Structures are given as C-alpha cells and as structure tokens.
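Chemist: For reference, the file protein-v3.txt (compact mmCIF, C-alpha atoms) is included below:
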# COMPACT_ATOMS: atom_id res chain seq x y z
CA MET E 1212 0.00 0.00 0.00
CA LYS E 1213 1.36 3.39 -1.00
CA LEU E 1214 2.02 6.02 1.63
CA LYS E 1215 -0.19 9.09 1.47
CA ILE E 1216 2.23 11.93 2.22
CA PRO E 1217 1.23 15.58 1.60
CA PHE E 1218 3.57 16.91 -1.08
CA TYR E 1219 3.95 20.24 0.66
CA TYR E 1220 5.79 18.37 3.42
CA HIS E 1221 8.68 17.68 1.02
CA ILE E 1222 8.73 21.30 -0.12
CA LEU E 1223 8.82 22.60 3.47
CA LEU E 1224 11.59 20.12 4.28
CA PHE E 1225 13.81 21.42 1.50
CA LEU E 1226 13.02 25.05 2.17
CA GLY E 1227 14.30 24.38 5.68
CA LEU E 1228 17.36 22.66 4.23
CA PHE E 1229 17.95 25.63 1.90
CA ILE E 1230 17.89 28.06 4.83
CA THR E 1231 20.14 25.71 6.85
CA PHE E 1232 22.77 25.85 4.10
CA TYR E 1233 22.87 29.63 4.36
CA LEU E 1234 23.02 29.62 8.16
CA TRP E 1235 25.79 27.00 8.09
CA ASP E 1236 27.94 29.05 5.76
CA ILE E 1237 27.43 32.16 7.87
CA GLY E 1238 27.73 30.65 11.36
CA VAL E 1239 30.10 27.69 10.87
CA SER E 1240 32.06 28.28 7.67
CA ASN E 1241 32.40 32.00 8.51
CA ARG E 1242 31.81 33.10 4.94
CA LYS E 1243 31.38 36.78 4.31
CA LEU E 1244 27.78 37.96 4.01
CA GLU E 1245 28.37 39.56 0.62
CA SER E 1246 29.63 36.21 -0.65
CA VAL E 1247 26.79 34.16 0.84
CA PHE E 1248 24.09 36.49 -0.44
CA SER E 1249 25.59 36.98 -3.90
CA ILE E 1250 23.74 36.03 -7.07
CA MET E 1251 26.45 33.50 -7.97
CA TYR E 1252 26.16 31.70 -4.65
CA PHE E 1253 22.36 31.65 -4.94
CA PHE E 1254 22.42 30.08 -8.42
CA PHE E 1255 24.96 27.37 -7.62
CA ASN E 1256 23.46 26.61 -4.19
CA SER E 1257 19.97 26.44 -5.68
CA GLY E 1258 21.18 24.14 -8.47
CA PHE E 1259 22.81 21.80 -5.97
CA LEU E 1260 19.78 21.66 -3.64
CA LEU E 1261 17.37 21.28 -6.56
CA SER E 1262 19.43 18.30 -7.76
CA ILE E 1263 19.15 16.75 -4.29
CA PHE E 1264 15.42 17.50 -4.21
CA ILE E 1265 14.75 15.88 -7.60
CA VAL E 1266 16.66 12.69 -6.73
CA TYR E 1267 15.09 12.69 -3.26
CA LEU E 1268 11.60 12.68 -4.82
CA LEU E 1269 12.60 10.09 -7.42
CA ASN E 1270 13.98 7.78 -4.75
CA PHE E 1271 11.07 8.38 -2.36
CA TYR E 1272 8.26 7.72 -4.84
CA THR E 1273 9.92 5.00 -6.94
CA PHE E 1274 12.76 2.95 -5.47
CA CYS E 1275 11.56 3.24 -1.85
CA ASP E 1276 8.00 2.41 -2.87
CA TRP E 1277 9.07 -0.48 -5.11
CA PHE E 1278 11.65 -2.06 -2.83
CA LEU E 1279 11.64 -0.72 0.75
CA ASN E 1280 7.86 -0.98 0.93
CA LYS E 1281 8.09 -4.66 -0.02
CA LYS E 1282 11.19 -5.33 2.10
CA ARG E 1283 13.34 -6.09 -0.95
CA MET E 1284 16.47 -4.70 0.65
CA LEU E 1285 18.97 -6.15 -1.84
CA TRP E 1286 17.12 -4.58 -4.76
CA TYR E 1287 17.00 -1.26 -2.95
CA PHE E 1288 20.76 -1.24 -2.32
CA LEU E 1289 21.31 -2.08 -5.98
CA SER E 1290 19.16 0.92 -6.93
CA ILE E 1291 21.35 3.38 -4.98
CA PRO E 1292 24.07 3.66 -7.70
CA VAL E 1293 21.27 4.39 -10.20
CA SER E 1294 20.01 7.24 -8.01
CA LEU E 1295 23.54 8.62 -7.62
CA LEU E 1296 24.15 8.44 -11.37
CA ILE E 1297 20.90 10.34 -11.95
CA PHE E 1298 22.00 12.91 -9.38
CA ALA E 1299 25.28 13.49 -11.24
CA GLY E 1300 23.38 13.96 -14.51
CA VAL E 1301 20.79 16.32 -13.02
CA ARG E 1302 23.43 18.39 -11.22
CA TYR E 1303 25.56 18.64 -14.35
CA PHE E 1304 22.58 19.86 -16.36
CA LEU E 1305 21.50 22.43 -13.77
CA GLN E 1306 24.91 23.82 -12.81
CA GLU E 1307 27.14 23.27 -15.82
CA VAL E 1308 24.50 23.97 -18.48
CA VAL E 1309 21.65 26.09 -17.10
CA VAL E 1310 23.61 28.16 -14.56
CA PHE E 1311 26.53 28.48 -17.00
CA GLU E 1312 24.17 29.92 -19.62
CA ILE E 1313 23.01 32.51 -17.06
CA THR E 1314 26.31 33.43 -15.40
CA GLY E 1315 28.97 32.26 -17.85
CA ILE E 1316 30.80 30.47 -14.99
CA HIS E 1317 31.24 26.73 -14.39
CA ASN E 1318 31.04 25.25 -10.90
CA TYR E 1319 33.63 22.57 -11.77
CA GLY E 1320 36.94 23.22 -13.51
CA GLU E 1321 37.66 21.93 -16.99
CA GLU E 1322 39.55 18.85 -15.78
CA THR E 1323 37.06 17.98 -13.03
CA ARG E 1324 34.14 18.21 -15.45
CA LYS E 1325 35.35 15.10 -17.24
CA LEU E 1326 32.82 12.27 -17.10
CA GLY E 1327 34.69 9.82 -14.87
CA TYR E 1328 35.78 12.32 -12.22
CA TYR E 1329 32.45 14.17 -12.20
CA ILE E 1330 30.44 10.99 -11.61
CA ARG E 1331 32.78 9.72 -8.86
CA ASP E 1332 32.77 13.07 -7.09
CA ASN E 1333 28.99 13.39 -7.21
CA PHE E 1334 28.44 9.89 -5.88
CA PHE E 1335 29.50 11.39 -2.55
CA PHE E 1336 27.44 14.58 -2.89
CA GLY E 1337 24.36 12.66 -3.99
CA LEU E 1338 24.28 10.35 -0.97
CA PRO E 1339 22.33 12.83 1.24
CA SER E 1340 19.38 12.74 -1.18
CA VAL E 1341 19.26 8.92 -1.08
CA ILE E 1342 19.76 8.64 2.68
CA LEU E 1343 17.28 11.41 3.48
CA SER E 1344 14.56 9.97 1.27
CA ALA E 1345 15.04 6.42 2.64
CA LEU E 1346 14.94 7.55 6.28
CA ASN E 1347 11.98 9.78 5.60
CA TYR E 1348 10.12 6.97 3.83
CA LEU E 1349 10.78 4.53 6.70
CA PHE E 1350 9.63 7.14 9.21
CA TRP E 1351 6.34 7.73 7.39
CA GLN E 1352 5.89 4.00 6.88
CA PHE E 1353 6.28 3.46 10.63
CA GLN E 1354 3.84 6.29 11.36
CA ASP E 1355 1.32 4.90 8.88
CA ALA E 1356 1.58 1.36 10.27
CA ASN E 1357 1.20 2.65 13.81
CA LYS E 1358 -1.85 4.71 12.79
CA GLN E 1359 -3.45 1.72 11.07
CA ASN E 1360 -2.76 -0.43 14.12
CA GLN E 1361 -4.39 2.12 16.43
CA GLU E 1362 -7.40 2.45 14.13
CA LEU E 1363 -7.77 -1.32 13.93
CA LEU E 1364 -7.58 -1.66 17.71
CA LEU E 1365 -10.22 1.03 18.06
CA GLU E 1366 -12.49 -0.65 15.52
CA ASN E 1367 -12.05 -4.00 17.27
CA LYS E 1368 -12.96 -2.42 20.60
CA LYS E 1369 -16.05 -0.87 19.04
CA ALA E 1370 -16.99 -4.20 17.48
CA GLN E 1371 -16.50 -6.01 20.77
CA LEU E 1372 -18.58 -3.40 22.59
CA GLN E 1373 -21.33 -3.71 19.99
CA MET E 1374 -21.19 -7.48 20.27
CA LEU E 1375 -21.43 -7.32 24.06
CA LYS E 1376 -24.44 -5.03 23.79
CA SER E 1377 -26.14 -7.51 21.48
CA GLN E 1378 -25.48 -10.50 23.74
CA VAL E 1379 -28.28 -11.25 26.16
CA SER E 1380 -26.98 -14.03 28.34
CA PRO E 1381 -25.52 -16.28 25.58
CA HIS E 1382 -25.47 -19.34 27.83
CA PHE E 1383 -29.15 -18.87 28.59
CA LEU E 1384 -29.85 -18.58 24.87
CA PHE E 1385 -27.88 -21.72 24.04
CA ASN E 1386 -29.53 -23.67 26.85
CA THR E 1387 -32.96 -22.57 25.62
CA LEU E 1388 -32.19 -23.60 22.04
CA ASN E 1389 -30.86 -26.96 23.23
CA SER E 1390 -34.01 -27.40 25.22
CA PHE E 1391 -36.14 -26.72 22.14
CA TYR E 1392 -33.98 -29.14 20.17
CA SER E 1393 -34.47 -31.90 22.75
CA GLN E 1394 -38.23 -31.39 22.74
CA LEU E 1395 -38.54 -31.36 18.96
CA ILE E 1396 -36.10 -34.10 17.96
CA LEU E 1397 -38.76 -36.80 18.42
CA ARG E 1398 -41.65 -34.75 17.00
CA ASP E 1399 -40.23 -32.71 14.14
CA ASP E 1400 -36.70 -33.68 13.24
CA LYS E 1401 -36.47 -31.02 10.47
CA MET E 1402 -37.37 -28.22 12.87
CA ALA E 1403 -34.98 -29.65 15.44
CA SER E 1404 -32.21 -29.72 12.83
CA ASP E 1405 -32.85 -26.06 11.98
CA ILE E 1406 -32.66 -25.08 15.63
CA LEU E 1407 -29.35 -26.89 15.90
CA VAL E 1408 -28.06 -24.94 12.89
CA LEU E 1409 -29.22 -21.68 14.49
CA SER E 1410 -27.46 -22.62 17.72
CA ASP E 1411 -24.20 -23.29 15.83
CA LEU E 1412 -24.60 -20.01 13.98
CA LEU E 1413 -25.00 -18.00 17.17
CA ARG E 1414 -22.19 -19.82 18.91
CA TYR E 1415 -19.84 -18.98 16.04
CA VAL E 1416 -20.83 -15.29 16.10
CA ILE E 1417 -20.24 -15.03 19.83
CA THR E 1418 -17.10 -17.14 20.24
CA GLU E 1419 -15.22 -16.85 16.93
CA THR E 1420 -15.79 -13.39 15.44
CA GLU E 1421 -13.82 -11.68 18.21
CA LYS E 1422 -10.70 -13.56 17.08
CA ASP E 1423 -8.29 -12.10 14.53
CA GLU E 1424 -8.09 -15.34 12.52
CA VAL E 1425 -10.31 -18.40 12.27
CA LEU E 1426 -10.16 -21.74 10.53
CA LEU E 1427 -11.40 -21.51 6.96
CA SER E 1428 -13.46 -24.65 7.52
CA ASN E 1429 -15.32 -22.97 10.40
CA GLU E 1430 -15.91 -19.79 8.38
CA ILE E 1431 -17.30 -21.76 5.44
CA GLN E 1432 -19.50 -23.83 7.77
CA PHE E 1433 -20.84 -20.57 9.17
CA VAL E 1434 -21.65 -19.36 5.64
CA GLN E 1435 -23.38 -22.65 4.84
CA ASN E 1436 -25.45 -22.45 8.02
CA TYR E 1437 -26.39 -18.86 7.25
CA ILE E 1438 -27.55 -19.73 3.73
CA HIS E 1439 -29.41 -22.79 5.07
CA LEU E 1440 -31.50 -20.60 7.39
CA GLN E 1441 -32.10 -18.09 4.60
CA GLN E 1442 -33.48 -20.91 2.45
CA LYS E 1443 -35.97 -21.63 5.24
CA ARG E 1444 -36.95 -17.96 5.30
CA PHE E 1445 -37.64 -18.09 1.54
CA GLU E 1446 -39.50 -21.39 1.97
CA ASP E 1447 -36.94 -23.17 -0.20
CA GLN E 1448 -37.71 -20.86 -3.16
CA LEU E 1449 -34.41 -19.04 -2.96
CA CYS E 1450 -33.09 -18.12 -6.42
CA LEU E 1451 -29.41 -18.40 -5.62
CA ASP E 1452 -26.54 -20.39 -7.11
CA PHE E 1453 -24.14 -21.22 -4.29
CA GLU E 1454 -20.97 -23.22 -4.89
CA ILE E 1455 -17.78 -24.14 -3.07
CA GLU E 1456 -14.80 -25.50 -5.02
CA GLY E 1457 -11.42 -26.69 -3.86
CA ASN E 1458 -9.90 -28.46 -0.89
CA TYR E 1459 -9.23 -26.97 2.52
CA ALA E 1460 -8.26 -28.35 5.90
CA ASN E 1461 -6.34 -26.30 8.47
CA GLU E 1462 -6.01 -23.02 6.56
CA LYS E 1463 -6.80 -19.79 8.40
CA ILE E 1464 -8.33 -16.51 7.21
CA LEU E 1465 -9.36 -13.18 8.71
CA SER E 1466 -12.46 -13.71 10.84
CA SER E 1467 -15.78 -12.58 9.30
CA ALA E 1468 -14.06 -11.83 5.99
CA LEU E 1469 -16.71 -13.67 3.98
CA ILE E 1470 -19.98 -13.12 5.78
CA HIS E 1471 -20.04 -9.37 5.03
CA PHE E 1472 -20.45 -10.07 1.31
CA ILE E 1473 -22.94 -12.91 1.89
CA GLU E 1474 -25.14 -10.74 4.11
CA ASN E 1475 -25.19 -7.96 1.52
CA VAL E 1476 -26.46 -10.34 -1.13
CA PHE E 1477 -29.45 -11.25 1.04
CA LYS E 1478 -29.97 -7.63 2.06
CA HIS E 1479 -29.96 -6.03 -1.38
CA ALA E 1480 -30.51 -8.77 -3.99
CA LYS E 1481 -33.55 -9.97 -5.89
CA LEU E 1482 -33.84 -13.54 -4.69
CA ASN E 1483 -37.31 -14.57 -5.89
CA ASN E 1484 -36.86 -14.34 -9.66
CA PRO E 1485 -35.41 -17.45 -11.40
CA ASP E 1486 -34.35 -15.29 -14.37
CA GLU E 1487 -32.29 -13.00 -12.13
CA LYS E 1488 -30.48 -15.42 -9.88
CA ALA E 1489 -27.89 -14.25 -7.40
CA ILE E 1490 -24.49 -15.98 -7.33
CA ILE E 1491 -22.18 -16.77 -4.42
CA SER E 1492 -19.02 -18.63 -5.39
CA ILE E 1493 -16.17 -19.65 -3.07
CA LYS E 1494 -13.09 -21.19 -4.68
CA ILE E 1495 -9.91 -22.40 -3.04
CA LYS E 1496 -7.03 -22.38 -5.50
CA GLY E 1497 -3.60 -23.22 -4.14
CA ASN E 1498 -2.84 -20.84 -1.30
CA PHE E 1499 -5.61 -18.37 -2.15
CA LEU E 1500 -9.33 -18.08 -1.57
CA GLU E 1501 -11.56 -16.35 -4.11
CA LEU E 1502 -15.05 -15.12 -3.29
CA LEU E 1503 -17.39 -13.88 -6.02
CA THR E 1504 -20.88 -12.49 -5.47
CA PHE E 1505 -23.31 -11.22 -8.09
CA ASN E 1506 -26.87 -10.01 -7.72
CA TYR E 1507 -29.62 -7.89 -9.19
CA ASN E 1508 -30.59 -5.07 -6.85
CA VAL E 1509 -34.07 -4.82 -5.38
CA GLY E 1510 -36.18 -2.10 -6.95
CA GLY E 1511 -33.28 -0.62 -8.89
CA GLU E 1512 -31.48 0.18 -5.64
CA ASN E 1513 -28.07 1.68 -6.33
CA TYR E 1514 -26.00 -0.24 -3.81
CA SER E 1515 -22.24 0.38 -3.91
CA SER E 1516 -21.13 -1.10 -0.55
CA THR E 1517 -19.47 2.02 0.76
CA GLY E 1518 -20.90 1.80 4.26
CA ILE E 1519 -19.08 1.65 7.56
CA GLY E 1520 -19.02 -2.15 7.50
CA PHE E 1521 -17.25 -2.22 4.16
CA GLU E 1522 -14.74 0.46 5.23
CA ASN E 1523 -13.92 -1.41 8.43
CA LEU E 1524 -13.46 -4.68 6.57
CA THR E 1525 -11.19 -2.97 4.03
CA LYS E 1526 -9.01 -1.60 6.84
CA ARG E 1527 -8.79 -5.05 8.43
CA LEU E 1528 -7.83 -6.62 5.10
CA GLU E 1529 -5.14 -3.97 4.50
CA TYR E 1530 -3.73 -4.43 7.99
CA THR E 1531 -3.69 -8.25 7.80
CA TYR E 1532 -2.74 -8.90 4.16
CA LYS E 1533 -1.02 -5.62 3.18
CA ASP E 1534 -0.88 -5.60 -0.67
CA GLN E 1535 -1.44 -9.36 -1.04
CA PHE E 1536 -5.23 -9.20 -1.40
CA VAL E 1537 -7.58 -8.08 -4.17
CA LEU E 1538 -10.93 -6.44 -3.44
CA GLU E 1539 -13.13 -5.23 -6.27
CA LYS E 1540 -16.72 -4.00 -6.49
CA ILE E 1541 -18.59 -3.17 -9.67
CA ALA E 1542 -22.02 -1.55 -9.81
CA GLU E 1543 -23.54 -1.52 -13.30
CA ASN E 1544 -27.14 -0.63 -14.12
CA ASN E 1545 -29.15 -2.60 -11.56
CA THR E 1546 -26.52 -5.25 -10.79
CA PHE E 1547 -23.76 -5.43 -8.22
CA LYS E 1548 -20.68 -7.64 -8.23
CA THR E 1549 -17.89 -8.13 -5.68
CA TYR E 1550 -14.65 -10.07 -5.91
CA LEU E 1551 -12.28 -10.88 -3.05
CA LYS E 1552 -9.01 -12.76 -3.27
CA ILE E 1553 -7.00 -13.34 -0.10
CA PRO E 1554 -4.02 -15.56 0.79
CA LEU E 1555 -4.58 -18.50 3.11
CA LYS E 1556 -2.39 -19.06 6.16
CA LYS E 1557 -1.36 -22.52 7.23
I need this file expressed as structure tokens, please.

Modeler:
Amino acid sequence: MKLKIPFYYHILLFLGLFITFYLWDIGVSNRKLESVFSIMYFFFNSGFLLSIFIVYLLNFYTFCDWFLNKKRMLWYFLSIPVSLLIFAGVRYFLQEVVVFEITGIHNYGEETRKLGYYIRDNFFFGLPSVILSALNYLFWQFQDANKQNQELLLENKKAQLQMLKSQVSPHFLFNTLNSFYSQLILRDDKMASDILVLSDLLRYVITETEKDEVLLSNEIQFVQNYIHLQQKRFEDQLCLDFEIEGNYANEKILSSALIHFIENVFKHAKLNNPDEKAIISIKIKGNFLELLTFNYNVGGENYSSTGIGFENLTKRLEYTYKDQFVLEKIAENNTFKTYLKIPLKK
C-alpha cells in the first residue's frame, strides 16, 4: 500500500534545508555575508539543492516504494548507484548547463568536469538525497503502520462493545435452544435440525468473530449455516446459485471476511426471480481463496457497498494482508458484483 504523504511536506523540508545551508555558511564556515548572499552563490546553491530534491523525490516515490515498501532490501541497495548516477546527470545539467548559460561560470573546472571524475565526485554529494529519502520513507511507513494499528484496535474495541451489547446471556440462549432441540427431535426432526443450525450459527458469532483469525473450515460452515437458514426464510424458493470448489483443511483466514459479502447479497438482492439469480461462489485455488458475489438489486437500488461495514473490513484486510489481497466491487445498471481474493495461512 502506497504512503499518502502531503507533497507540501517535502517542499517545506527542503526550504528548511535551503535556509540551513545559508546559516551553516554564515555561522560555521564564517563566509562573508556579501559572498553568501551573492547572485552566484544563490544560483549554484539552488542548483545543488534542486538536484538533491529531484533525486530525493525520485527515490522516495519509486525505489523506496518499489523495494523498501516490499522489504526487498537487496534490490533497494542495488538501486542506490542508479540514483547517484541520476544525481550526477541532473546536477551537471542544472549547474554546468543552465547556470553556465546565465552566469557564464562553471562550478567545476575543466579537468574535473570530465565524465569519470564528475560521476565519482557526485556519488559522494548525492548520498544525502538517497539517505534522506530512505529515512523519511521509513519514518512515514512506521507512522502509517502505527496509525493503522491504532485504528484497527479502536475498531475491534467498538466491534467487541457492539457485540457485548447484542449479547443477552448467551449461555441462557444456548440452553434454551438446546431445550427446544431436545423437545422437537422426536416430534419434528427437520425443525430440530434447523434449531441446531441456528445454535451453531450463534455460537460462532459469539465465540469466533472476536478472534483475529479463524479456521477456513469454520468460516465456510458458518456461511453454509447462514444460507441454510435463509433458504428456510424463503420457503426453499431461494433463487441463488451457491458453490464451493477446492480443498481446505487447516487453513486460516481473517475472521468474518466472507460473511459481510454474503449478508449484503441477502440484504440487497432480488432472490425470488429465477431469471435473475444471485451468485455466491467460493473457490480455493492453491494458497488463495476467491469469493465472487453477483446479484440484481431490489427495486433498482443503487448499492455500492461504501458503508461503515465495508470500510472497516477494508481496513482489516489492509492491515492483515497488506498488498497481497484483491478487493473489487462493480455496480452496473441494476446489478452489483464483488470479488475478493486473499491468501490462506497454514
């Protein structure tokens, strides 16, 4: 996931660096004020800092994002000479071409402007741009990860609080359902079976959803139980194609990652028209799970799944799987489609 850094932050950083250069020359190097504030000094100092700024941005938004963000440290270290070579080229263009055209003076002498020496010398001067951008990127990455962690903890606390509010003596509820089951098992075994499914459904919601990860087999069983009860609600006239493909055993996934999409199908879909069937497809391929849902919206409802539940789930997916998951939603005319692909943990 790319870092969202305000661009003005970089500008302010280098304006501060520009001022620091002047203060350093005045206070530490003891240069004369007329020299420091001369037009020549301004042009060459600006050209040097602009070269650093350009390579800083290039490194920050490309090499750091490509390699540091994905912890490909070897590739990042191999990219450093490329950044330094670019710095030498940019500095040469700004100081020895642009500034020379304005002032008629070169920053480097004739001998030191030769390709080999100029590149070697600027490998040293270009290092600050690479080091500064890498440290800055890592700092913002740490801040972003810490922010996401705090937001996730807050959302989990809210979810737990909401769950606690919705729980009215779970043990009493389970005991009551078991009592109904015992009374009905000899009279109406179908009704008794449905009560047992409801009991399993509630037990999963109360005991499993507060966990960070759950067994895929338990999550799929929960989905199957949920759809089973929905079929009873529709009196077995539910127009839905539901399929599960692939093998799974001890794999783990983010808890409640699937049910959000299943619930939305039953909340917003047309489910009583055989010509407009809804689709729920779960496929396990290798080390990935793919979930596809498709439905026609009720009464032309324009549902785009941008509610709080979807936002919270997206944050949880980003925190758990980083950039290893795919989440897509497509709303066209009166239909809605979602696609989720997440890696499975052993």

Chemist: Residues within 10 Å of region 1480-1495 of chain E, please, as a ChimeraX atom specification. Count all atoms listed in the file; anything in the same chain fewer than 4 positions from it doesn't count.

Modeler: /E:1431,1445,1448-1459,1469,1472-1476,1499-1512,1514,1545-1555

Chemist: Go through E:Asn1318, E:Ser1466, E:Asn1280, E:Gln1432 one by one, measure the shortest atom-to-atom distance of each to Phe1304 (chain E) using only C-alpha atoms, and give the residue with the smallest value.

Modeler: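 Under the stated criterion, the closest residue is E:Asn1318.
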
Chemist: Which distance in Å separates CA of Ile1250 (chain E) and CA of Leu1338 (chain E), to one decimal?

Modeler: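 Between CA of Ile1250 (chain E) and CA of Leu1338 (chain E) the gap is 26.4 Å.
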
Chemist: Skipping near chain neighbours, those fewer than 4 positions away, what residues fall within 9 Å of Gln1352 (chain E) using only C-alpha atoms, listed as JSON, numbers by chain?

Modeler: {"E": [1214, 1280, 1347, 1348, 1356, 1357]}

Chemist: Just to be explicit: take each residue in the selection above, keep C-alpha atoms, and write the result as a compact mmCIF listing (two decimals), in the coordinates of the input.

Modeler:
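What landed in part.txt:
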# COMPACT_ATOMS: atom_id res chain seq x y z
CA LEU E 1214 2.02 6.02 1.63
CA ASN E 1280 7.86 -0.98 0.93
CA ASN E 1347 11.98 9.78 5.60
CA TYR E 1348 10.12 6.97 3.83
CA ALA E 1356 1.58 1.36 10.27
CA ASN E 1357 1.20 2.65 13.81

Chemist: With only C-alpha atoms as the basis for distance, which of E:Ile1297, E:Ala1542, E:Val1537, E:Val1310 is at the shortest distance from Asn1270 (chain E)?

Modeler: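 Under the stated criterion, the closest residue is E:Ile1297.
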